[in-house]
file query.txt (compact mmCIF, C-alpha atoms)
# COMPACT_ATOMS: atom_id res chain seq x y z
CA MET A 105 13.44 -21.51 1.37
CA LYS A 106 17.26 -21.71 1.13
CA ASP A 107 19.16 -20.54 4.19
CA ILE A 108 21.78 -17.77 3.98
CA TRP A 109 24.74 -20.22 3.88
CA GLU A 110 23.27 -22.17 0.97
CA ILE A 111 22.53 -19.02 -1.04
CA LYS A 112 26.04 -17.65 -0.47
CA TYR A 113 27.89 -20.78 -1.56
CA MET A 114 25.51 -22.39 -4.07
CA ASN A 115 27.66 -21.28 -7.03
CA ASN A 116 30.95 -22.59 -5.58
CA ILE A 117 32.15 -25.50 -7.72
CA MET A 118 35.31 -27.48 -6.98
CA ILE A 119 36.97 -29.55 -9.72
CA THR A 120 39.45 -32.42 -9.75
CA GLY A 121 41.25 -33.25 -12.99
CA ALA A 122 41.13 -29.57 -13.94
CA THR A 123 44.19 -29.70 -16.18
CA GLY A 124 42.81 -32.53 -18.31
CA PHE A 125 41.08 -32.10 -21.65
CA ILE A 126 37.49 -32.04 -20.37
CA GLY A 127 38.33 -30.42 -17.03
CA SER A 128 40.04 -27.42 -18.61
CA HIS A 129 37.15 -26.82 -21.01
CA LEU A 130 34.68 -27.14 -18.11
CA ILE A 131 36.51 -24.55 -16.00
CA TYR A 132 36.41 -21.94 -18.76
CA GLU A 133 32.69 -22.52 -19.25
CA LEU A 134 31.97 -22.35 -15.51
CA ILE A 135 33.86 -19.05 -15.29
CA ASN A 136 31.89 -17.75 -18.29
CA ASN A 137 28.69 -18.69 -16.46
CA GLU A 138 29.81 -16.79 -13.35
CA TYR A 139 30.44 -19.77 -11.10
CA ASN A 140 33.10 -19.49 -8.42
CA VAL A 141 35.66 -22.17 -9.27
CA ALA A 142 38.32 -23.94 -7.22
CA ILE A 143 40.54 -26.83 -8.22
CA LEU A 144 42.19 -29.64 -6.27
CA CYS A 145 45.49 -30.61 -7.84
CA ARG A 146 49.01 -31.87 -7.23
CA LYS A 147 52.01 -29.69 -6.38
CA GLU A 148 53.55 -30.36 -9.79
CA SER A 149 50.36 -29.62 -11.78
CA LYS A 150 50.97 -27.15 -14.59
CA LEU A 151 48.30 -24.47 -14.85
CA ASP A 152 49.41 -22.89 -18.14
CA LYS A 153 45.99 -23.57 -19.68
CA PHE A 154 44.45 -21.09 -17.26
CA LYS A 155 46.91 -18.21 -17.58
CA ASN A 156 44.16 -15.92 -18.88
CA ILE A 157 41.79 -16.66 -15.98
CA ILE A 158 44.06 -17.84 -13.18
CA ASN A 159 43.09 -14.82 -11.07
CA LYS A 160 39.51 -16.12 -11.13
CA ILE A 161 40.36 -19.63 -9.89
CA LYS A 162 41.16 -20.73 -6.36
CA VAL A 163 43.95 -23.32 -6.52
CA TYR A 164 44.52 -25.90 -3.77
CA LYS A 165 47.64 -28.04 -4.24
CA VAL A 166 46.69 -30.86 -1.92
CA ASP A 167 48.18 -33.94 -3.61
CA ASP A 168 46.25 -36.81 -1.94
CA ASN A 169 46.59 -35.56 1.65
CA ILE A 170 43.15 -35.86 3.21
CA ASN A 171 43.86 -33.23 5.86
CA LYS A 172 44.80 -30.72 3.16
CA ILE A 173 41.66 -31.66 1.24
CA ILE A 174 39.55 -31.02 4.35
CA MET A 175 41.23 -27.64 4.85
CA ALA A 176 40.51 -26.70 1.22
CA LEU A 177 36.85 -27.72 1.50
CA ASN A 178 36.40 -25.84 4.76
CA GLU A 179 37.89 -22.68 3.24
CA PHE A 180 36.16 -22.71 -0.17
CA LYS A 181 32.90 -24.34 0.94
CA PRO A 182 31.95 -25.87 -2.43
CA ASN A 183 28.29 -26.51 -3.12
CA CYS A 184 29.37 -29.32 -5.44
CA ILE A 185 32.53 -31.25 -6.27
CA VAL A 186 32.98 -32.44 -9.85
CA HIS A 187 35.43 -35.34 -10.04
CA LEU A 188 37.29 -35.71 -13.35
CA ALA A 189 40.76 -36.81 -12.21
CA ALA A 190 41.75 -40.26 -13.46
CA ILE A 191 44.54 -42.29 -14.96
CA PHE A 192 43.66 -44.03 -18.23
CA LYS A 193 45.31 -46.81 -20.19
CA SER A 194 43.45 -49.16 -22.48
CA GLU A 195 45.98 -51.89 -21.73
CA HIS A 196 47.95 -51.79 -18.50
CA GLU A 197 51.32 -53.10 -17.37
CA LYS A 198 52.00 -54.57 -13.93
CA GLU A 199 53.80 -51.34 -13.00
CA ASP A 200 50.54 -49.40 -13.53
CA ILE A 201 48.51 -51.11 -10.80
CA ASP A 202 49.49 -48.84 -7.92
CA ASN A 203 48.65 -45.73 -9.94
CA PHE A 204 45.28 -47.13 -11.01
CA ILE A 205 44.33 -47.88 -7.42
CA ASP A 206 45.78 -44.67 -5.97
CA ILE A 207 44.35 -42.24 -8.52
CA ASN A 208 41.09 -43.92 -9.60
CA ILE A 209 39.99 -45.29 -6.22
CA LYS A 210 41.94 -44.13 -3.18
CA TYR A 211 42.23 -40.42 -4.02
CA PRO A 212 38.54 -39.84 -4.82
CA THR A 213 37.55 -41.89 -1.76
CA LYS A 214 39.55 -39.45 0.35
CA ILE A 215 37.60 -36.63 -1.29
CA LEU A 216 34.30 -38.27 -0.37
CA GLU A 217 35.46 -38.74 3.21
CA ALA A 218 36.63 -35.12 3.36
CA MET A 219 33.20 -34.07 2.12
CA LYS A 220 31.63 -36.09 4.92
CA GLN A 221 33.87 -34.39 7.49
CA CYS A 222 32.97 -30.94 6.11
CA GLY A 223 29.23 -31.51 5.64
CA ILE A 224 29.37 -31.19 1.85
CA LYS A 225 27.07 -33.63 0.08
CA ASN A 226 26.83 -32.84 -3.65
CA PHE A 227 29.11 -34.91 -5.88
CA ILE A 228 29.38 -35.47 -9.63
CA ASN A 229 31.54 -38.36 -10.79
CA THR A 230 32.92 -39.25 -14.22
CA SER A 231 32.53 -42.83 -15.41
CA THR A 232 33.02 -44.57 -18.74
CA ALA A 233 31.03 -46.59 -21.24
CA TRP A 234 33.98 -48.99 -21.15
CA GLN A 235 32.36 -50.50 -18.07
CA HIS A 236 29.91 -52.25 -20.45
CA TYR A 237 31.80 -54.62 -22.74
CA ASN A 238 29.46 -56.70 -24.94
CA ASN A 239 26.64 -54.30 -23.97
CA GLU A 240 26.42 -55.85 -20.49
CA ASP A 241 25.38 -53.98 -17.36
CA TYR A 242 28.87 -54.57 -16.04
CA ASN A 243 31.75 -56.14 -17.91
CA PRO A 244 34.89 -53.98 -17.84
CA VAL A 245 36.88 -53.64 -21.02
CA CYS A 246 40.10 -53.12 -19.07
CA LEU A 247 41.52 -52.45 -15.61
CA TYR A 248 40.80 -48.73 -16.00
CA ALA A 249 37.10 -49.48 -16.44
CA ALA A 250 37.18 -51.89 -13.49
CA THR A 251 38.58 -49.19 -11.20
CA LYS A 252 35.92 -46.74 -12.34
CA GLU A 253 33.23 -49.27 -11.45
CA SER A 254 34.92 -49.99 -8.13
CA PHE A 255 34.80 -46.33 -7.19
CA GLU A 256 31.11 -46.17 -8.12
CA LYS A 257 30.48 -48.85 -5.48
CA ILE A 258 32.21 -46.65 -2.93
CA ILE A 259 30.03 -43.72 -4.02
CA ASP A 260 27.01 -45.93 -3.31
CA TYR A 261 28.08 -46.16 0.33
CA TYR A 262 28.45 -42.39 0.73
CA ALA A 263 25.15 -41.79 -1.06
CA LYS A 264 23.17 -44.29 0.99
CA GLY A 265 25.15 -44.31 4.23
CA VAL A 266 26.01 -40.61 4.53
CA LYS A 267 23.08 -39.27 2.48
CA PHE A 268 25.01 -37.62 -0.33
CA LYS A 269 23.47 -36.52 -3.64
CA CYS A 270 25.56 -38.13 -6.39
CA ILE A 271 25.47 -38.32 -10.17
CA SER A 272 27.84 -40.44 -12.24
CA LEU A 273 28.12 -39.35 -15.88
CA GLU A 274 29.25 -42.10 -18.24
CA LEU A 275 31.25 -40.70 -21.14
CA PHE A 276 31.88 -42.29 -24.52
CA ASP A 277 34.51 -41.07 -27.00
CA SER A 278 35.24 -37.34 -26.92
CA TYR A 279 37.01 -34.86 -29.16
CA GLY A 280 37.43 -31.11 -29.64
CA ASP A 281 39.87 -28.22 -29.72
CA ASN A 282 43.27 -28.39 -28.03
CA ASP A 283 43.13 -32.15 -27.47
CA THR A 284 46.60 -33.46 -26.63
CA ARG A 285 45.53 -36.93 -25.45
CA GLY A 286 46.45 -38.75 -28.66
CA LYS A 287 42.80 -39.63 -29.28
CA LEU A 288 41.49 -40.56 -32.73
CA ILE A 289 40.42 -37.17 -34.09
CA SER A 290 43.57 -35.33 -33.01
CA VAL A 291 45.61 -38.19 -34.51
CA LEU A 292 43.72 -37.87 -37.81
CA LYS A 293 44.46 -34.14 -37.87
CA ASP A 294 48.16 -34.68 -37.22
CA PHE A 295 48.54 -37.50 -39.74
CA SER A 296 46.65 -35.63 -42.45
CA ILE A 297 48.65 -32.42 -42.07
CA ASN A 298 51.98 -34.26 -41.99
CA ASN A 299 51.03 -36.90 -44.61
CA LYS A 300 51.93 -39.80 -42.33
CA ILE A 301 50.86 -43.37 -42.95
CA LEU A 302 48.01 -44.28 -40.59
CA LYS A 303 47.94 -47.96 -39.69
CA MET A 304 44.42 -49.02 -38.72
CA THR A 305 42.40 -52.13 -37.98
CA GLU A 306 39.82 -53.31 -40.52
CA GLY A 307 37.80 -50.26 -39.45
CA GLU A 308 34.51 -52.02 -38.66
CA SER A 309 34.43 -51.20 -34.95
CA LYS A 310 31.95 -48.46 -34.02
CA ILE A 311 32.26 -45.43 -31.78
CA ASP A 312 30.01 -42.67 -30.46
CA LEU A 313 31.88 -39.34 -30.67
CA THR A 314 30.70 -36.44 -28.51
CA HIS A 315 32.15 -32.95 -28.85
CA VAL A 316 33.74 -31.56 -25.69
CA ASN A 317 31.40 -28.53 -25.75
CA ASP A 318 28.41 -30.86 -25.45
CA ILE A 319 30.11 -32.80 -22.66
CA VAL A 320 30.85 -29.61 -20.72
CA TYR A 321 27.23 -28.55 -21.12
CA GLY A 322 26.27 -31.96 -19.72
CA PHE A 323 28.33 -31.41 -16.57
CA ILE A 324 26.73 -28.02 -16.01
CA LYS A 325 23.25 -29.51 -16.48
CA ALA A 326 24.20 -32.25 -14.00
CA ILE A 327 25.20 -29.61 -11.43
CA GLU A 328 21.78 -28.04 -11.88
CA PHE A 329 20.00 -31.40 -11.83
CA LEU A 330 21.38 -32.23 -8.38
CA ASN A 331 18.65 -29.93 -7.06
CA ASP A 332 16.04 -32.35 -8.42
CA ILE A 333 17.27 -35.54 -6.74
CA GLU A 334 17.04 -36.65 -3.14
CA TYR A 335 19.79 -37.04 -0.58
CA GLY A 336 20.75 -40.71 -0.49
CA GLU A 337 20.61 -41.15 -4.27
CA HIS A 338 23.36 -42.06 -6.72
CA ARG A 339 21.99 -41.55 -10.23
CA LYS A 340 23.82 -42.76 -13.35
CA TYR A 341 23.40 -41.13 -16.73
CA ALA A 342 25.12 -41.21 -20.12
CA ILE A 343 26.50 -38.27 -22.07
CA CYS A 344 26.61 -39.30 -25.73
CA THR A 345 25.13 -38.53 -29.13
CA GLY A 346 23.40 -41.87 -29.69
CA ARG A 347 24.90 -41.95 -33.18
CA VAL A 348 27.48 -44.66 -33.81
CA LEU A 349 29.95 -44.59 -36.70
CA THR A 350 32.44 -47.16 -37.92
CA LEU A 351 36.06 -46.02 -38.02
CA LYS A 352 35.82 -46.06 -41.82
CA GLU A 353 32.82 -43.72 -41.67
CA VAL A 354 34.66 -41.43 -39.26
CA ILE A 355 37.59 -41.09 -41.65
CA GLU A 356 35.32 -40.55 -44.65
CA ILE A 357 33.53 -37.69 -42.86
CA PHE A 358 36.85 -36.25 -41.66
CA GLU A 359 38.23 -36.17 -45.21
CA GLU A 360 35.03 -34.73 -46.66
CA LYS A 361 34.70 -31.94 -44.09
CA THR A 362 38.34 -30.92 -43.77
CA GLY A 363 39.51 -31.42 -47.33
CA TYR A 364 42.49 -33.41 -46.06
CA LYS A 365 43.26 -36.87 -47.39
CA LEU A 366 44.57 -39.63 -45.16
CA ASN A 367 47.02 -42.34 -46.17
CA VAL A 368 45.34 -45.23 -44.36
CA GLU A 369 46.53 -48.84 -44.27
CA TRP A 370 43.37 -50.73 -43.32
CA GLY A 371 44.02 -54.05 -41.60
CA ALA A 372 47.60 -53.17 -40.66
CA ARG A 373 46.74 -53.49 -36.97
CA HIS A 374 44.89 -56.24 -35.11
CA TYR A 375 41.87 -55.49 -32.97
CA ARG A 376 42.60 -55.45 -29.24
CA GLU A 377 41.68 -58.58 -27.32
CA ARG A 378 38.60 -56.82 -25.88
CA GLU A 379 37.92 -54.37 -28.69
CA ILE A 380 34.57 -52.59 -28.44
CA MET A 381 32.92 -53.37 -31.76
CA LYS A 382 29.70 -51.58 -30.83
CA PRO A 383 29.23 -49.06 -27.98
CA TRP A 384 26.92 -49.69 -25.07
CA ASP A 385 23.34 -48.64 -25.85
CA ARG A 386 21.36 -49.58 -22.70
CA TYR A 387 21.87 -46.22 -21.03
CA GLU A 388 19.68 -43.40 -19.76
CA ILE A 389 20.58 -39.93 -21.05
CA LEU A 390 21.02 -37.11 -18.54
CA PRO A 391 17.64 -35.33 -18.18
CA ASN A 392 17.35 -31.89 -19.81
CA TRP A 393 20.46 -32.49 -21.92
CA LYS A 394 21.03 -33.53 -25.49
CA SER A 395 23.92 -33.43 -27.90
CA GLU A 396 23.76 -30.37 -30.16
CA ILE A 397 26.95 -30.70 -32.23
CA THR A 398 26.94 -33.24 -35.05
CA PHE A 399 30.20 -34.98 -35.87
CA GLU A 400 30.23 -33.21 -39.24
CA ASP A 401 29.98 -29.82 -37.55
CA GLY A 402 32.43 -30.77 -34.82
CA VAL A 403 35.12 -31.80 -37.29
CA THR A 404 34.64 -28.55 -39.19
CA MET A 405 35.02 -26.57 -35.93
CA ILE A 406 38.34 -28.24 -35.21

call {"tool": "encode", "arguments": {"input": "query.txt", "output": "structure tokens"}}
result
Amino acid sequence: MKDIWEIKYMNNIMITGATGFIGSHLIYELINNEYNVAILCRKESKLDKFKNIINKIKVYKVDDNINKIIMALNEFKPNCIVHLAAIFKSEHEKEDIDNFIDINIKYPTKILEAMKQCGIKNFINTSTAWQHYNNEDYNPVCLYAATKESFEKIIDYYAKGVKFKCISLELFDSYGDNDTRGKLISVLKDFSINNKILKMTEGESKIDLTHVNDIVYGFIKAIEFLNDIEYGEHRKYAICTGRVLTLKEVIEIFEEKTGYKLNVEWGARHYREREIMKPWDRYEILPNWKSEITFEDGVTMI
């Protein structure tokens, strides 16, 4: 039987990376499902995306100060922390290294340590299929993927050494409404509306595109699934459709479903040095979750 403290705070969810594409969608869905939501963010974080629900969100502007993080955790008492904050670049410059280490490794490690200090032990992490170049168990496509793997090793310590319950969700390519990241589908929409020339590779590389609504549902199912795993475990699951499409197939479906035509120059760009020609397929899907939105339906929704 759950004690009074656990019952009172079991619906308290704290989010990092709240202002990002997936984080912002997740917060709206958590609020719709009557979770109590708090976010950890920087002083300069813009919260315009939440103007309609800001009175329902507890905001802690902690930067990366571990003492402020501890104070926030002690006040809000989250049952679970969902970590989405990250810096991403497919190809980095030497000037990026400090940010990669600070944001993708050091900052979330401070959160884990703050959890330890506060007696909070439920943690959901966000990883990437880019940790599996050439379909290997570990072969990072880029420095970003290497830092994500590095942080997973730190999670292993807190899971085994401090007896946390942890789930890492590995995401593939994502898309959906209000995407300002410059990802493929939002680029296709912009170029089709404005009749721009789209310079592409030969278009034979394959991707697995998951709609943000399905991804958000996956995070909520992961929060629920924490109840089914033991303290001391760090489980790793994928959130993806299992359906891979070439870039040429993606554009064909986009044109068919939207009615827009794209002016594509195939072969105008070279593949990256470590281009993913086929996504990783040796994963385990999150239990009790499956993708519901086909790419055809997702494109139509956008």

call {"tool": "closest_residue", "arguments": {"input": "query.txt", "among": "A:Glu377, A:Asp260, A:Ile327, A:Val403", "to": "A:Glu359", "atoms": "all atoms listed in the file"}}
result
A:Val403

call {"tool": "closest_residue", "arguments": {"input": "query.txt", "among": "A:Asn115, A:Thr398, A:Asn169, A:Asn208", "to": "A:Phe192", "atoms": "all atoms listed in the file"}}
result
A:Asn208

call {"tool": "closest_atom_pairs", "arguments": {"input": "query.txt", "of": "stretch 173-207 of chain A", "to": "stretch 285-306 of chain A", "cutoff": "12 Å", "atoms": "all atoms listed in the file", "output": "tab-separated table"}}
result
residue	atom	partner	partner_atom	distance
A:Ile191	CA	A:Arg285	CA	11.8
A:Phe192	CA	A:Arg285	CA	10.3
A:Lys193	CA	A:Arg285	CA	11.2
A:Ser194	CA	A:Lys287	CA	11.7

call {"tool": "write_last_selection", "arguments": {"input": "query.txt", "atoms": "C-alpha atoms", "output": "PDB file, in the coordinates of the input"}}
result
ATOM      1  CA  ILE A 191      44.540 -42.290 -14.960  1.00  0.00           C
ATOM      2  CA  PHE A 192      43.660 -44.030 -18.230  1.00  0.00           C
ATOM      3  CA  LYS A 193      45.310 -46.810 -20.190  1.00  0.00           C
ATOM      4  CA  SER A 194      43.450 -49.160 -22.480  1.00  0.00           C
TER       5      SER A 194
END

call {"tool": "residues_around", "arguments": {"input": "query.txt", "residues": "A:Lys340", "least_positions_apart": "3", "cutoff": "9 Å", "atoms": "all atoms listed in the file", "output": "list in words"}}
result
Ser231, Cys270, Ile271, Ser272, Leu273, Glu274, Tyr387, Glu388, Ile389 and Leu390 of chain A

call {"tool": "atom_distance", "arguments": {"input": "query.txt", "atom1": "atom CA of A:Asn243", "atom2": "atom CA of A:Leu351"}}
result
22.9 Å

call {"tool": "residues_around", "arguments": {"input": "query.txt", "residues": "A:Ala342", "least_positions_apart": "5", "cutoff": "12 Å", "atoms": "all atoms listed in the file", "output": "PyMOL selection string"}}
result
chain A and resi 229-235+271-277+312+314+319+322-323+326+383-391+393-395

call {"tool": "residues_near_point", "arguments": {"input": "query.txt", "point": "(37.0, -25.1, -18.4)", "cutoff": "12 Å", "atoms": "all atoms listed in the file", "output": "VMD selection string"}}
result
chain A and resid 117 to 137 139 141 to 143 151 153 to 154 156 to 158 160 to 161 186 188 282 316 to 317 319 to 321 323 to 324

call {"tool": "residues_around", "arguments": {"input": "query.txt", "residues": "A:Ile174", "least_positions_apart": "5", "cutoff": "9 Å", "atoms": "all atoms listed in the file", "output": "JSON, numbers by chain"}}
result
{"A": [169, 179, 215, 217, 218, 219, 221, 222]}

call {"tool": "atom_distance", "arguments": {"input": "query.txt", "atom1": "atom CA of A:Gly346", "atom2": "atom CA of A:Tyr242"}}
result
19.4 Å

call {"tool": "atom_distance", "arguments": {"input": "query.txt", "atom1": "atom CA of A:Met405", "atom2": "atom CA of A:Glu356"}}
result
16.5 Å

call {"tool": "residues_near_point", "arguments": {"input": "query.txt", "point": "(24.0, -39.8, 0.5)", "cutoff": "10 Å", "atoms": "all atoms listed in the file", "output": "list of chain:residue names"}}
result
A:Lys220, A:Lys225, A:Asn226, A:Phe227, A:Ile259, A:Asp260, A:Tyr261, A:Tyr262, A:Ala263, A:Lys264, A:Gly265, A:Val266, A:Lys267, A:Phe268, A:Lys269, A:Cys270, A:Glu334, A:Tyr335, A:Gly336, A:Glu337, A:His338

call {"tool": "closest_residue", "arguments": {"input": "query.txt", "among": "A:Cys184, A:Leu330, A:Ile173, A:Met381", "to": "A:His236", "atoms": "all atoms listed in the file"}}
result
A:Met381

call {"tool": "closest_residue", "arguments": {"input": "query.txt", "among": "A:Glu369, A:Asp281, A:Glu353, A:Glu328", "to": "A:Gly402", "atoms": "all atoms listed in the file"}}
result
A:Asp281

call {"tool": "axis_aligned_box", "arguments": {"input": "query.txt", "around": "stretch 201-214 of chain A", "padding_each_side": "4 Å", "output": "lines of an AutoDock Vina configuration file"}}
result
center_x = 43.5
center_y = -45.3
center_z = -5.3
size_x = 19.9
size_y = 19.7
size_z = 19.4

call {"tool": "closest_residue", "arguments": {"input": "query.txt", "among": "A:Val348, A:Cys246, A:Ile209, A:Val163", "to": "A:Arg378", "atoms": "all atoms listed in the file"}}
result
A:Cys246

call {"tool": "closest_residue", "arguments": {"input": "query.txt", "among": "A:Asp241, A:Glu256, A:Glu379, A:Ala249", "to": "A:Ser309", "atoms": "all atoms listed in the file"}}
result
A:Glu379
